[in-house]
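**Q** Next comes work-v2.pdb, PDB, C-alpha atoms, pLDDT in the B column:
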```pdb
ATOM      1  CA  MET F   1      95.557 110.653 132.510  1.00 77.00           C
ATOM      2  CA  MET F   2      92.668 112.579 130.950  1.00 89.00           C
ATOM      3  CA  TRP F   3      91.690 112.288 127.305  1.00 94.00           C
ATOM      4  CA  GLN F   4      90.540 115.685 126.062  1.00 92.00           C
ATOM      5  CA  LYS F   5      88.124 116.575 123.308  1.00 90.00           C
ATOM      6  CA  LEU F   6      89.656 118.086 120.196  1.00 81.00           C
ATOM      7  CA  ASP F   7      90.743 121.709 120.536  1.00 81.00           C
ATOM      8  CA  PRO F   8      90.704 123.493 117.148  1.00 79.00           C
ATOM      9  CA  ASN F   9      93.504 125.777 118.380  1.00 82.00           C
ATOM     10  CA  ILE F  10      95.779 122.963 119.501  1.00 88.00           C
ATOM     11  CA  ASP F  11      99.452 123.919 119.739  1.00 90.00           C
ATOM     12  CA  LEU F  12     102.417 121.587 120.251  1.00 94.00           C
ATOM     13  CA  GLY F  13     104.848 123.051 122.775  1.00 92.00           C
ATOM     14  CA  ARG F  14     108.551 122.373 122.336  1.00 90.00           C
ATOM     15  CA  ASP F  15     108.649 120.142 125.432  1.00 93.00           C
ATOM     16  CA  GLU F  16     105.294 118.439 124.888  1.00 96.00           C
ATOM     17  CA  ILE F  17     104.197 115.026 123.676  1.00 97.00           C
ATOM     18  CA  HIS F  18     100.679 114.782 122.315  1.00 97.00           C
ATOM     19  CA  VAL F  19      99.092 111.328 122.372  1.00 98.00           C
ATOM     20  CA  TRP F  20      95.999 110.858 120.202  1.00 98.00           C
ATOM     21  CA  ARG F  21      93.417 108.078 120.516  1.00 97.00           C
ATOM     22  CA  ALA F  22      91.083 106.853 117.770  1.00 97.00           C
ATOM     23  CA  LYS F  23      88.571 104.074 117.209  1.00 95.00           C
ATOM     24  CA  LEU F  24      89.008 102.250 113.917  1.00 96.00           C
ATOM     25  CA  ASP F  25      85.611 100.513 113.825  1.00 93.00           C
ATOM     26  CA  ARG F  26      83.934 103.053 111.559  1.00 92.00           C
ATOM     27  CA  PRO F  27      81.155 101.933 109.200  1.00 92.00           C
ATOM     28  CA  LEU F  28      82.646 100.431 106.064  1.00 90.00           C
ATOM     29  CA  GLN F  29      81.071 103.140 103.897  1.00 92.00           C
ATOM     30  CA  ASP F  30      82.936 105.828 105.870  1.00 92.00           C
ATOM     31  CA  ALA F  31      86.254 104.146 105.138  1.00 92.00           C
ATOM     32  CA  HIS F  32      85.417 103.791 101.468  1.00 90.00           C
ATOM     33  CA  SER F  33      84.466 107.477 101.294  1.00 93.00           C
ATOM     34  CA  ALA F  34      87.920 108.420 102.615  1.00 93.00           C
ATOM     35  CA  LEU F  35      89.831 106.164 100.226  1.00 91.00           C
ATOM     36  CA  PRO F  36      90.045 108.735  97.384  1.00 89.00           C
ATOM     37  CA  CYS F  37      91.715 111.159  99.808  1.00 87.00           C
ATOM     38  CA  LEU F  38      94.701 108.872 100.334  1.00 93.00           C
ATOM     39  CA  PRO F  39      97.699 108.946  97.960  1.00 92.00           C
ATOM     40  CA  GLU F  40      97.956 106.302  95.275  1.00 93.00           C
ATOM     41  CA  ASP F  41     100.425 104.057  97.127  1.00 92.00           C
ATOM     42  CA  GLU F  42      98.222 103.935 100.245  1.00 94.00           C
ATOM     43  CA  ARG F  43      95.101 103.252  98.179  1.00 94.00           C
ATOM     44  CA  ALA F  44      96.960 100.362  96.552  1.00 96.00           C
ATOM     45  CA  ARG F  45      97.999  98.994  99.963  1.00 95.00           C
ATOM     46  CA  ALA F  46      94.403  99.230 101.178  1.00 95.00           C
ATOM     47  CA  MET F  47      93.079  97.269  98.232  1.00 94.00           C
ATOM     48  CA  ARG F  48      95.532  94.434  98.861  1.00 96.00           C
ATOM     49  CA  PHE F  49      93.765  93.523 102.116  1.00 95.00           C
ATOM     50  CA  HIS F  50      91.585  90.461 101.588  1.00 93.00           C
ATOM     51  CA  PHE F  51      89.162  91.116 104.462  1.00 95.00           C
ATOM     52  CA  ASP F  52      86.929  94.184 104.604  1.00 94.00           C
ATOM     53  CA  ASP F  53      87.613  94.876 108.281  1.00 94.00           C
ATOM     54  CA  HIS F  54      91.393  94.830 107.743  1.00 94.00           C
ATOM     55  CA  ARG F  55      91.025  97.216 104.796  1.00 95.00           C
ATOM     56  CA  ARG F  56      88.776  99.492 106.854  1.00 95.00           C
ATOM     57  CA  ASP F  57      91.224  99.557 109.774  1.00 96.00           C
ATOM     58  CA  PHE F  58      94.074 100.534 107.455  1.00 96.00           C
ATOM     59  CA  ILE F  59      92.111 103.310 105.740  1.00 96.00           C
ATOM     60  CA  VAL F  60      90.808 104.780 109.001  1.00 96.00           C
ATOM     61  CA  ALA F  61      94.276 104.591 110.604  1.00 96.00           C
ATOM     62  CA  ARG F  62      95.879 106.435 107.676  1.00 96.00           C
ATOM     63  CA  THR F  63      93.096 109.021 107.692  1.00 96.00           C
ATOM     64  CA  PHE F  64      93.679 109.452 111.426  1.00 96.00           C
ATOM     65  CA  LEU F  65      97.437 109.829 110.960  1.00 97.00           C
ATOM     66  CA  ARG F  66      97.229 112.332 108.112  1.00 96.00           C
ATOM     67  CA  SER F  67      94.507 114.491 109.631  1.00 94.00           C
ATOM     68  CA  VAL F  68      96.380 114.819 112.944  1.00 95.00           C
ATOM     69  CA  LEU F  69      99.768 115.557 111.378  1.00 95.00           C
ATOM     70  CA  ALA F  70      98.144 118.142 109.112  1.00 92.00           C
ATOM     71  CA  ARG F  71      97.185 120.158 112.207  1.00 92.00           C
ATOM     72  CA  TYR F  72     100.813 120.548 113.210  1.00 93.00           C
ATOM     73  CA  LEU F  73     102.259 120.967 109.711  1.00 92.00           C
ATOM     74  CA  ASP F  74      99.514 123.348 108.519  1.00 90.00           C
ATOM     75  CA  GLN F  75      99.232 121.355 105.304  1.00 90.00           C
ATOM     76  CA  ASP F  76      96.615 119.576 103.281  1.00 91.00           C
ATOM     77  CA  PRO F  77      96.645 116.060 104.799  1.00 91.00           C
ATOM     78  CA  THR F  78      96.620 114.456 101.357  1.00 90.00           C
ATOM     79  CA  GLN F  79      99.897 116.217 100.463  1.00 90.00           C
ATOM     80  CA  ILE F  80     101.977 114.980 103.399  1.00 92.00           C
ATOM     81  CA  LYS F  81     104.768 112.711 102.196  1.00 92.00           C
ATOM     82  CA  PHE F  82     106.588 110.074 104.201  1.00 93.00           C
ATOM     83  CA  GLU F  83     110.024 108.532 103.971  1.00 92.00           C
ATOM     84  CA  TYR F  84     111.145 105.287 105.570  1.00 90.00           C
ATOM     85  CA  SER F  85     114.304 104.236 107.369  1.00 89.00           C
ATOM     86  CA  SER F  86     116.222 101.098 106.436  1.00 86.00           C
ATOM     87  CA  TYR F  87     114.235  99.360 109.206  1.00 86.00           C
ATOM     88  CA  GLY F  88     110.893 100.582 107.842  1.00 87.00           C
ATOM     89  CA  LYS F  89     110.144 103.295 110.410  1.00 89.00           C
ATOM     90  CA  PRO F  90     108.181 106.132 108.772  1.00 91.00           C
ATOM     91  CA  ALA F  91     109.066 109.803 109.114  1.00 93.00           C
ATOM     92  CA  ILE F  92     107.747 112.981 107.558  1.00 93.00           C
ATOM     93  CA  ALA F  93     109.692 113.660 104.356  1.00 91.00           C
ATOM     94  CA  ALA F  94     111.832 116.790 104.302  1.00 81.00           C
ATOM     95  CA  SER F  95     109.617 118.271 101.584  1.00 74.00           C
ATOM     96  CA  SER F  96     106.577 118.068 103.920  1.00 71.00           C
ATOM     97  CA  ARG F  97     108.003 119.559 107.108  1.00 67.00           C
ATOM     98  CA  GLY F  98     109.297 122.846 108.392  1.00 70.00           C
ATOM     99  CA  THR F  99     110.380 122.425 112.014  1.00 76.00           C
ATOM    100  CA  PRO F 100     111.216 118.867 113.143  1.00 85.00           C
ATOM    101  CA  LEU F 101     108.191 116.726 113.984  1.00 94.00           C
ATOM    102  CA  PHE F 102     108.428 113.135 115.195  1.00 96.00           C
ATOM    103  CA  PHE F 103     105.553 110.676 115.319  1.00 97.00           C
ATOM    104  CA  ASN F 104     104.688 107.037 115.800  1.00 97.00           C
ATOM    105  CA  LEU F 105     101.429 105.184 115.122  1.00 97.00           C
ATOM    106  CA  THR F 106     100.168 101.905 116.578  1.00 97.00           C
ATOM    107  CA  HIS F 107      96.892 100.004 116.575  1.00 96.00           C
ATOM    108  CA  SER F 108      95.380  96.853 117.987  1.00 96.00           C
ATOM    109  CA  HIS F 109      91.864  95.435 117.920  1.00 94.00           C
ATOM    110  CA  GLN F 110      90.215  98.564 116.439  1.00 93.00           C
ATOM    111  CA  ARG F 111      91.991 101.028 118.756  1.00 97.00           C
ATOM    112  CA  ALA F 112      94.787 103.286 117.479  1.00 98.00           C
ATOM    113  CA  LEU F 113      97.240 105.568 119.271  1.00 98.00           C
ATOM    114  CA  LEU F 114      99.441 108.237 117.710  1.00 98.00           C
ATOM    115  CA  ALA F 115     102.269 110.068 119.487  1.00 98.00           C
ATOM    116  CA  VAL F 116     103.534 113.409 118.151  1.00 97.00           C
ATOM    117  CA  THR F 117     106.394 115.539 119.487  1.00 97.00           C
ATOM    118  CA  ALA F 118     109.058 118.018 118.409  1.00 94.00           C
ATOM    119  CA  GLN F 119     111.498 116.631 121.002  1.00 93.00           C
ATOM    120  CA  ALA F 120     113.043 113.423 119.686  1.00 94.00           C
ATOM    121  CA  GLU F 121     112.305 110.095 118.045  1.00 94.00           C
ATOM    122  CA  ILE F 122     109.400 108.443 119.826  1.00 97.00           C
ATOM    123  CA  GLY F 123     107.803 105.003 120.047  1.00 97.00           C
ATOM    124  CA  ILE F 124     104.296 103.978 121.079  1.00 98.00           C
ATOM    125  CA  ASP F 125     102.489 100.661 121.319  1.00 98.00           C
ATOM    126  CA  VAL F 126      98.979  99.477 122.219  1.00 98.00           C
ATOM    127  CA  GLU F 127      97.652  95.966 122.768  1.00 98.00           C
ATOM    128  CA  PHE F 128      94.250  94.484 123.477  1.00 97.00           C
ATOM    129  CA  ILE F 129      94.572  92.298 126.568  1.00 96.00           C
ATOM    130  CA  ARG F 130      93.799  88.694 125.653  1.00 94.00           C
ATOM    131  CA  ALA F 131      94.962  85.162 126.397  1.00 92.00           C
ATOM    132  CA  VAL F 132      98.494  84.444 125.173  1.00 91.00           C
ATOM    133  CA  ASP F 133     100.612  81.377 124.573  1.00 87.00           C
ATOM    134  CA  ASP F 134     102.870  80.739 127.582  1.00 78.00           C
ATOM    135  CA  GLY F 135     105.806  80.162 125.241  1.00 91.00           C
ATOM    136  CA  ILE F 136     105.912  83.763 123.967  1.00 95.00           C
ATOM    137  CA  ALA F 137     107.357  85.161 127.192  1.00 96.00           C
ATOM    138  CA  GLU F 138     110.014  82.447 127.241  1.00 95.00           C
ATOM    139  CA  ARG F 139     111.000  83.265 123.642  1.00 94.00           C
ATOM    140  CA  TYR F 140     111.148  87.055 123.840  1.00 94.00           C
ATOM    141  CA  PHE F 141     111.493  88.279 127.425  1.00 96.00           C
ATOM    142  CA  SER F 142     114.823  88.600 129.223  1.00 97.00           C
ATOM    143  CA  PRO F 143     115.586  86.182 132.074  1.00 96.00           C
ATOM    144  CA  ALA F 144     114.995  88.982 134.605  1.00 97.00           C
ATOM    145  CA  GLU F 145     111.626  89.890 133.064  1.00 98.00           C
ATOM    146  CA  LEU F 146     110.562  86.268 132.924  1.00 97.00           C
ATOM    147  CA  ALA F 147     111.450  85.804 136.585  1.00 97.00           C
ATOM    148  CA  ASP F 148     109.478  88.939 137.531  1.00 98.00           C
ATOM    149  CA  LEU F 149     106.499  87.720 135.507  1.00 97.00           C
ATOM    150  CA  ARG F 150     106.449  84.260 137.053  1.00 96.00           C
ATOM    151  CA  ALA F 151     106.783  85.700 140.576  1.00 98.00           C
ATOM    152  CA  LEU F 152     103.426  87.477 140.231  1.00 97.00           C
ATOM    153  CA  PRO F 153     100.102  85.865 141.199  1.00 97.00           C
ATOM    154  CA  GLY F 154      98.556  84.046 138.268  1.00 93.00           C
ATOM    155  CA  ALA F 155      95.654  86.503 138.064  1.00 94.00           C
ATOM    156  CA  LEU F 156      98.072  89.365 137.334  1.00 96.00           C
ATOM    157  CA  GLN F 157     100.340  87.644 134.854  1.00 96.00           C
ATOM    158  CA  ASN F 158      98.296  88.320 131.720  1.00 95.00           C
ATOM    159  CA  GLU F 159      98.191  92.084 132.326  1.00 96.00           C
ATOM    160  CA  ALA F 160     101.870  92.031 133.294  1.00 97.00           C
ATOM    161  CA  PHE F 161     102.711  90.228 130.056  1.00 98.00           C
ATOM    162  CA  PHE F 162     101.142  93.025 127.989  1.00 98.00           C
ATOM    163  CA  ASN F 163     102.752  95.691 130.169  1.00 98.00           C
ATOM    164  CA  CYS F 164     106.095  94.150 129.323  1.00 98.00           C
ATOM    165  CA  TRP F 165     105.294  93.611 125.638  1.00 97.00           C
ATOM    166  CA  THR F 166     104.059  97.145 124.949  1.00 98.00           C
ATOM    167  CA  ARG F 167     106.965  98.732 126.819  1.00 98.00           C
ATOM    168  CA  LYS F 168     109.505  96.691 124.885  1.00 97.00           C
ATOM    169  CA  GLU F 169     107.799  97.459 121.570  1.00 96.00           C
ATOM    170  CA  ALA F 170     107.631 101.204 122.351  1.00 97.00           C
ATOM    171  CA  TYR F 171     111.342 101.277 123.192  1.00 96.00           C
ATOM    172  CA  ILE F 172     112.337  99.373 120.062  1.00 94.00           C
ATOM    173  CA  LYS F 173     110.194 101.662 117.910  1.00 95.00           C
ATOM    174  CA  ALA F 174     111.729 104.758 119.497  1.00 95.00           C
ATOM    175  CA  ARG F 175     115.223 103.404 118.846  1.00 93.00           C
ATOM    176  CA  GLY F 176     114.166 102.826 115.227  1.00 89.00           C
ATOM    177  CA  GLU F 177     116.254  99.686 114.852  1.00 83.00           C
ATOM    178  CA  GLY F 178     113.482  97.176 114.247  1.00 76.00           C
ATOM    179  CA  LEU F 179     114.118  93.589 115.260  1.00 71.00           C
ATOM    180  CA  SER F 180     117.864  94.127 114.884  1.00 77.00           C
ATOM    181  CA  LEU F 181     117.601  94.994 118.584  1.00 84.00           C
ATOM    182  CA  PRO F 182     116.704  91.717 120.333  1.00 88.00           C
ATOM    183  CA  LEU F 183     113.788  91.940 122.739  1.00 91.00           C
ATOM    184  CA  ASP F 184     115.821  90.221 125.460  1.00 91.00           C
ATOM    185  CA  ASP F 185     118.670  92.761 125.165  1.00 92.00           C
ATOM    186  CA  PHE F 186     117.038  95.073 127.709  1.00 95.00           C
ATOM    187  CA  ASP F 187     114.773  94.867 130.766  1.00 97.00           C
ATOM    188  CA  VAL F 188     111.580  96.779 131.553  1.00 98.00           C
ATOM    189  CA  SER F 189     109.299  96.845 134.572  1.00 98.00           C
ATOM    190  CA  LEU F 190     106.041  94.916 134.199  1.00 98.00           C
ATOM    191  CA  ALA F 191     104.183  94.528 137.498  1.00 98.00           C
ATOM    192  CA  PRO F 192     100.653  96.001 137.336  1.00 97.00           C
ATOM    193  CA  GLY F 193     100.533  99.283 139.263  1.00 95.00           C
ATOM    194  CA  ALA F 194     104.314  99.743 139.308  1.00 95.00           C
ATOM    195  CA  PRO F 195     105.844 102.696 137.398  1.00 97.00           C
ATOM    196  CA  ALA F 196     106.898 101.996 133.827  1.00 98.00           C
ATOM    197  CA  ALA F 197     110.692 101.997 133.549  1.00 97.00           C
ATOM    198  CA  ILE F 198     113.566 100.759 131.447  1.00 96.00           C
ATOM    199  CA  LEU F 199     115.626  98.946 134.046  1.00 96.00           C
ATOM    200  CA  ALA F 200     118.689  97.922 132.042  1.00 94.00           C
ATOM    201  CA  VAL F 201     120.049  98.082 128.489  1.00 93.00           C
ATOM    202  CA  ARG F 202     122.887  95.750 127.573  1.00 89.00           C
ATOM    203  CA  SER F 203     123.889  97.514 124.345  1.00 80.00           C
ATOM    204  CA  GLY F 204     123.509 101.094 123.130  1.00 71.00           C
ATOM    205  CA  GLU F 205     122.421 104.038 125.252  1.00 76.00           C
ATOM    206  CA  GLU F 206     121.994 104.087 129.012  1.00 87.00           C
ATOM    207  CA  ALA F 207     118.557 103.299 130.403  1.00 91.00           C
ATOM    208  CA  SER F 208     118.639 106.513 132.466  1.00 91.00           C
ATOM    209  CA  LEU F 209     118.428 108.622 129.280  1.00 92.00           C
ATOM    210  CA  TRP F 210     114.998 107.256 128.429  1.00 94.00           C
ATOM    211  CA  ARG F 211     111.481 108.059 129.596  1.00 95.00           C
ATOM    212  CA  LEU F 212     108.972 105.208 129.564  1.00 97.00           C
ATOM    213  CA  GLU F 213     105.269 105.825 130.223  1.00 97.00           C
ATOM    214  CA  HIS F 214     102.386 103.470 130.890  1.00 98.00           C
ATOM    215  CA  LEU F 215      99.261 104.449 128.916  1.00 98.00           C
ATOM    216  CA  HIS F 216      95.576 103.758 129.533  1.00 97.00           C
ATOM    217  CA  PRO F 217      94.001 103.647 126.038  1.00 97.00           C
ATOM    218  CA  GLY F 218      90.653 102.378 127.349  1.00 95.00           C
ATOM    219  CA  PRO F 219      89.069  99.370 129.095  1.00 95.00           C
ATOM    220  CA  GLY F 220      90.681  96.120 127.988  1.00 96.00           C
ATOM    221  CA  TYR F 221      93.762  97.809 126.479  1.00 97.00           C
ATOM    222  CA  VAL F 222      97.268  98.612 127.657  1.00 98.00           C
ATOM    223  CA  GLY F 223      99.789 100.942 126.049  1.00 98.00           C
ATOM    224  CA  ALA F 224     103.276 102.355 126.441  1.00 98.00           C
ATOM    225  CA  LEU F 225     105.333 105.270 125.168  1.00 98.00           C
ATOM    226  CA  ALA F 226     109.122 105.645 125.010  1.00 97.00           C
ATOM    227  CA  ILE F 227     111.256 108.684 124.221  1.00 97.00           C
ATOM    228  CA  ARG F 228     114.881 109.686 124.724  1.00 92.00           C
ATOM    229  CA  ALA F 229     113.906 112.905 126.500  1.00 90.00           C
ATOM    230  CA  LEU F 230     113.238 113.221 130.213  1.00 84.00           C
ATOM    231  CA  LYS F 231     111.681 116.696 130.494  1.00 87.00           C
ATOM    232  CA  THR F 232     108.437 116.350 128.582  1.00 89.00           C
ATOM    233  CA  GLU F 233     104.780 117.042 129.305  1.00 94.00           C
ATOM    234  CA  LEU F 234     102.156 114.624 128.046  1.00 96.00           C
ATOM    235  CA  LYS F 235      98.755 115.699 126.748  1.00 96.00           C
ATOM    236  CA  PHE F 236      96.035 113.323 125.582  1.00 97.00           C
ATOM    237  CA  TRP F 237      93.496 113.942 122.810  1.00 96.00           C
ATOM    238  CA  ASP F 238      90.521 112.065 121.362  1.00 96.00           C
ATOM    239  CA  TRP F 239      90.233 112.139 117.578  1.00 95.00           C
ATOM    240  CA  ASP F 240      86.884 112.408 115.815  1.00 89.00           C
ATOM    241  CA  TRP F 241      86.125 111.184 112.335  1.00 87.00           C
ATOM    242  CA  PRO F 242      86.125 114.243 110.026  1.00 76.00           C
ATOM    243  CA  ASP F 243      82.682 115.577 109.032  1.00 63.00           C
ATOM    244  CA  GLY F 244      81.477 114.089 105.807  1.00 45.00           C
ATOM    245  CA  GLY F 245      83.791 111.096 106.052  1.00 44.00           C
ATOM    246  CA  THR F 246      86.767 112.825 104.386  1.00 44.00           C
ATOM    247  CA  MET F 247      89.893 114.526 105.666  1.00 47.00           C
TER     248      MET F 247
END
```
Could you show the structure in this file as structure tokens?

**A**
Amino acid sequence: MMWQKLDPNIDLGRDEIHVWRAKLDRPLQDAHSALPCLPEDERARAMRFHFDDHRRDFIVARTFLRSVLARYLDQDPTQIKFEYSSYGKPAIAASSRGTPLFFNLTHSHQRALLAVTAQAEIGIDVEFIRAVDDGIAERYFSPAELADLRALPGALQNEAFFNCWTRKEAYIKARGEGLSLPLDDFDVSLAPGAPAAILAVRSGEEASLWRLEHLHPGPGYVGALAIRALKTELKFWDWDWPDGGTM
């Protein structure tokens, strides 16, 4: 996996998935300078954050999202409109798109990832590896996943936990069903170094129809991507803050 510098002539092939990486820890004044470029509803959401760093992360993430999508849609990023499913998953509104374009955005601990494709609905997740409560795996993982986790040496279990968590989140986000799909209704691989895979699905589509990818967002992070399309090529891009602090 190689993260490439921005290519001004970037083109999204029909069978490609582009994964973008961004850092959210911009200076606060940069975020504030971009605020007027967001639509009114997103400015209002930003101002509801009590803490400055949370507000900054939201503004930078939305700037990131809009500036990347604008490259593929050939539109002013401020004019892109979104619509939301009954489960809250965003999509590009019909009035803002020509050919189909699917995307998903995720962020954790000042690192954001964005997946874009013309293939099919997609899900992506990133997590900062940290200590976790032992009870979370028992609550949300399937019995098979929990057994696989506990069979690993203790030193590997924390990374394995986040492998499992990000893969399950990516799959749920790609399905677009929110928490109506229980996390223990399907099994994913989790052992560090083993290929990412959906091993079993107990309701809905067959696991063999899905592609699951392990992502390396940077030191201390783990990520995953899920899509119901097997023949796809992944490309990885680093996003830079727009010159002048605006989109």

**Q** At a cut-off of 8 Å, using all atoms listed in the file, what residues contact stretch 178-188 of chain F? Leave out same-chain residues fewer than 6 positions from it and give the result as an MDAnalysis selection string.

**A** chainID F and resid 87:89 140:145 164 167:168 172 196:203

**Q** Given the PyMOL selection byres ((chain F and resi 224) around 6) and the file above, list the residues it selects as a count of residues only.

**A** 9

**Q** Can you tell me which residues surround stretch 36-41 of chain F at a distance of at most 9 Å, considering only C-alpha atoms, apart from same-chain residues fewer than 4 positions away, and format the answer as a PyMOL selection string?

**A** chain F and resi 32+45-46+59+62-63+66+77-79+246-247

**Q** Those same residues, written as a PDB file, keeping the file's coordinate frame with C-alpha atoms?

**A**
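File written: out_1.pdb
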```pdb
ATOM      1  CA  HIS F  32      85.417 103.791 101.468  1.00 90.00           C
ATOM      2  CA  ARG F  45      97.999  98.994  99.963  1.00 95.00           C
ATOM      3  CA  ALA F  46      94.403  99.230 101.178  1.00 95.00           C
ATOM      4  CA  ILE F  59      92.111 103.310 105.740  1.00 96.00           C
ATOM      5  CA  ARG F  62      95.879 106.435 107.676  1.00 96.00           C
ATOM      6  CA  THR F  63      93.096 109.021 107.692  1.00 96.00           C
ATOM      7  CA  ARG F  66      97.229 112.332 108.112  1.00 96.00           C
ATOM      8  CA  PRO F  77      96.645 116.060 104.799  1.00 91.00           C
ATOM      9  CA  THR F  78      96.620 114.456 101.357  1.00 90.00           C
ATOM     10  CA  GLN F  79      99.897 116.217 100.463  1.00 90.00           C
ATOM     11  CA  THR F 246      86.767 112.825 104.386  1.00 44.00           C
ATOM     12  CA  MET F 247      89.893 114.526 105.666  1.00 47.00           C
TER      13      MET F 247
END
```

**Q** I'd like to know which of F:Ser189, F:Gln119, F:Gln110, F:Gln157 is closest to F:Asp57, using all atoms listed in the file.

**A**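 Checking each of F:Ser189, F:Gln119, F:Gln110, F:Gln157 against F:Asp57, counting all atoms listed in the file, the winner is F:Gln110.
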
**Q** Just give me the gap between atom CA of F:Gly123 and atom CA of F:Trp165 in Å, one decimal is fine.

**A**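 Result for atom CA of F:Gly123 versus atom CA of F:Trp165: 12.9 Å, one decimal.
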
**Q** From the set F:His216, F:Arg228, F:Arg150, F:Lys173, which residue has the shortest atom-to-atom contact distance to F:Ile17, counting all atoms listed in the file?

**A**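 Nearest candidate to F:Ile17 out of F:His216, F:Arg228, F:Arg150, F:Lys173: F:Arg228.
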
**Q** Can you give me, as a ChimeraX atom specification, the residues this file yields under the PyMOL selection byres ((chain F and resi 230-245) around 9)?

**A** /F:1-7,13-23,26,29-34,60,63-64,67-68,119,208-211,227-229,246-247

**Q** Could the residues in this selection be written to a file with C-alpha atoms, as a PDB file, in the frame of the given file?

**A**
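Output file result_33.pdb follows:
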```pdb
ATOM      1  CA  MET F   1      95.557 110.653 132.510  1.00 77.00           C
ATOM      2  CA  MET F   2      92.668 112.579 130.950  1.00 89.00           C
ATOM      3  CA  TRP F   3      91.690 112.288 127.305  1.00 94.00           C
ATOM      4  CA  GLN F   4      90.540 115.685 126.062  1.00 92.00           C
ATOM      5  CA  LYS F   5      88.124 116.575 123.308  1.00 90.00           C
ATOM      6  CA  LEU F   6      89.656 118.086 120.196  1.00 81.00           C
ATOM      7  CA  ASP F   7      90.743 121.709 120.536  1.00 81.00           C
ATOM      8  CA  GLY F  13     104.848 123.051 122.775  1.00 92.00           C
ATOM      9  CA  ARG F  14     108.551 122.373 122.336  1.00 90.00           C
ATOM     10  CA  ASP F  15     108.649 120.142 125.432  1.00 93.00           C
ATOM     11  CA  GLU F  16     105.294 118.439 124.888  1.00 96.00           C
ATOM     12  CA  ILE F  17     104.197 115.026 123.676  1.00 97.00           C
ATOM     13  CA  HIS F  18     100.679 114.782 122.315  1.00 97.00           C
ATOM     14  CA  VAL F  19      99.092 111.328 122.372  1.00 98.00           C
ATOM     15  CA  TRP F  20      95.999 110.858 120.202  1.00 98.00           C
ATOM     16  CA  ARG F  21      93.417 108.078 120.516  1.00 97.00           C
ATOM     17  CA  ALA F  22      91.083 106.853 117.770  1.00 97.00           C
ATOM     18  CA  LYS F  23      88.571 104.074 117.209  1.00 95.00           C
ATOM     19  CA  ARG F  26      83.934 103.053 111.559  1.00 92.00           C
ATOM     20  CA  GLN F  29      81.071 103.140 103.897  1.00 92.00           C
ATOM     21  CA  ASP F  30      82.936 105.828 105.870  1.00 92.00           C
ATOM     22  CA  ALA F  31      86.254 104.146 105.138  1.00 92.00           C
ATOM     23  CA  HIS F  32      85.417 103.791 101.468  1.00 90.00           C
ATOM     24  CA  SER F  33      84.466 107.477 101.294  1.00 93.00           C
ATOM     25  CA  ALA F  34      87.920 108.420 102.615  1.00 93.00           C
ATOM     26  CA  VAL F  60      90.808 104.780 109.001  1.00 96.00           C
ATOM     27  CA  THR F  63      93.096 109.021 107.692  1.00 96.00           C
ATOM     28  CA  PHE F  64      93.679 109.452 111.426  1.00 96.00           C
ATOM     29  CA  SER F  67      94.507 114.491 109.631  1.00 94.00           C
ATOM     30  CA  VAL F  68      96.380 114.819 112.944  1.00 95.00           C
ATOM     31  CA  GLN F 119     111.498 116.631 121.002  1.00 93.00           C
ATOM     32  CA  SER F 208     118.639 106.513 132.466  1.00 91.00           C
ATOM     33  CA  LEU F 209     118.428 108.622 129.280  1.00 92.00           C
ATOM     34  CA  TRP F 210     114.998 107.256 128.429  1.00 94.00           C
ATOM     35  CA  ARG F 211     111.481 108.059 129.596  1.00 95.00           C
ATOM     36  CA  ILE F 227     111.256 108.684 124.221  1.00 97.00           C
ATOM     37  CA  ARG F 228     114.881 109.686 124.724  1.00 92.00           C
ATOM     38  CA  ALA F 229     113.906 112.905 126.500  1.00 90.00           C
ATOM     39  CA  THR F 246      86.767 112.825 104.386  1.00 44.00           C
ATOM     40  CA  MET F 247      89.893 114.526 105.666  1.00 47.00           C
TER      41      MET F 247
END
```

**Q** Could you spell out the hits of the PyMOL selection byres ((chain F and resi 104) around 8) on the shown file, as a list in words?

**A**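 Evaluating the PyMOL selection byres ((chain F and resi 104) around 8) on this file yields Pro90, Phe102, Phe103, Leu105, Thr106, Leu114, Ala115, Val116, Ile122, Gly123, Ile124 and Lys173 of chain F.
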
**Q** Quick check, in Å to one decimal: how far apart do atom CA of F:Ala112 and atom CA of F:Ala137 lie?

**A**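 These atoms are spaced 24.1 Å apart.
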
**Q** Have a look at F:Leu156, F:Ile80, F:Asp133, F:Arg175 and name the one nearest to F:Gly204; count only C-alpha atoms.

**A** F:Arg175

**Q** Nearest to F:Leu24: which of F:Ala44, F:Ala155, F:Ala226, F:Leu113 is it, counting only C-alpha atoms?

**A**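 Distance minimum relative to F:Leu24 lands on F:Leu113.
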
**Q** Pick the closest to F:Leu28 from F:Glu205, F:Val132, F:His54, F:Ala93: which is it, counting only C-alpha atoms?

**A** F:His54
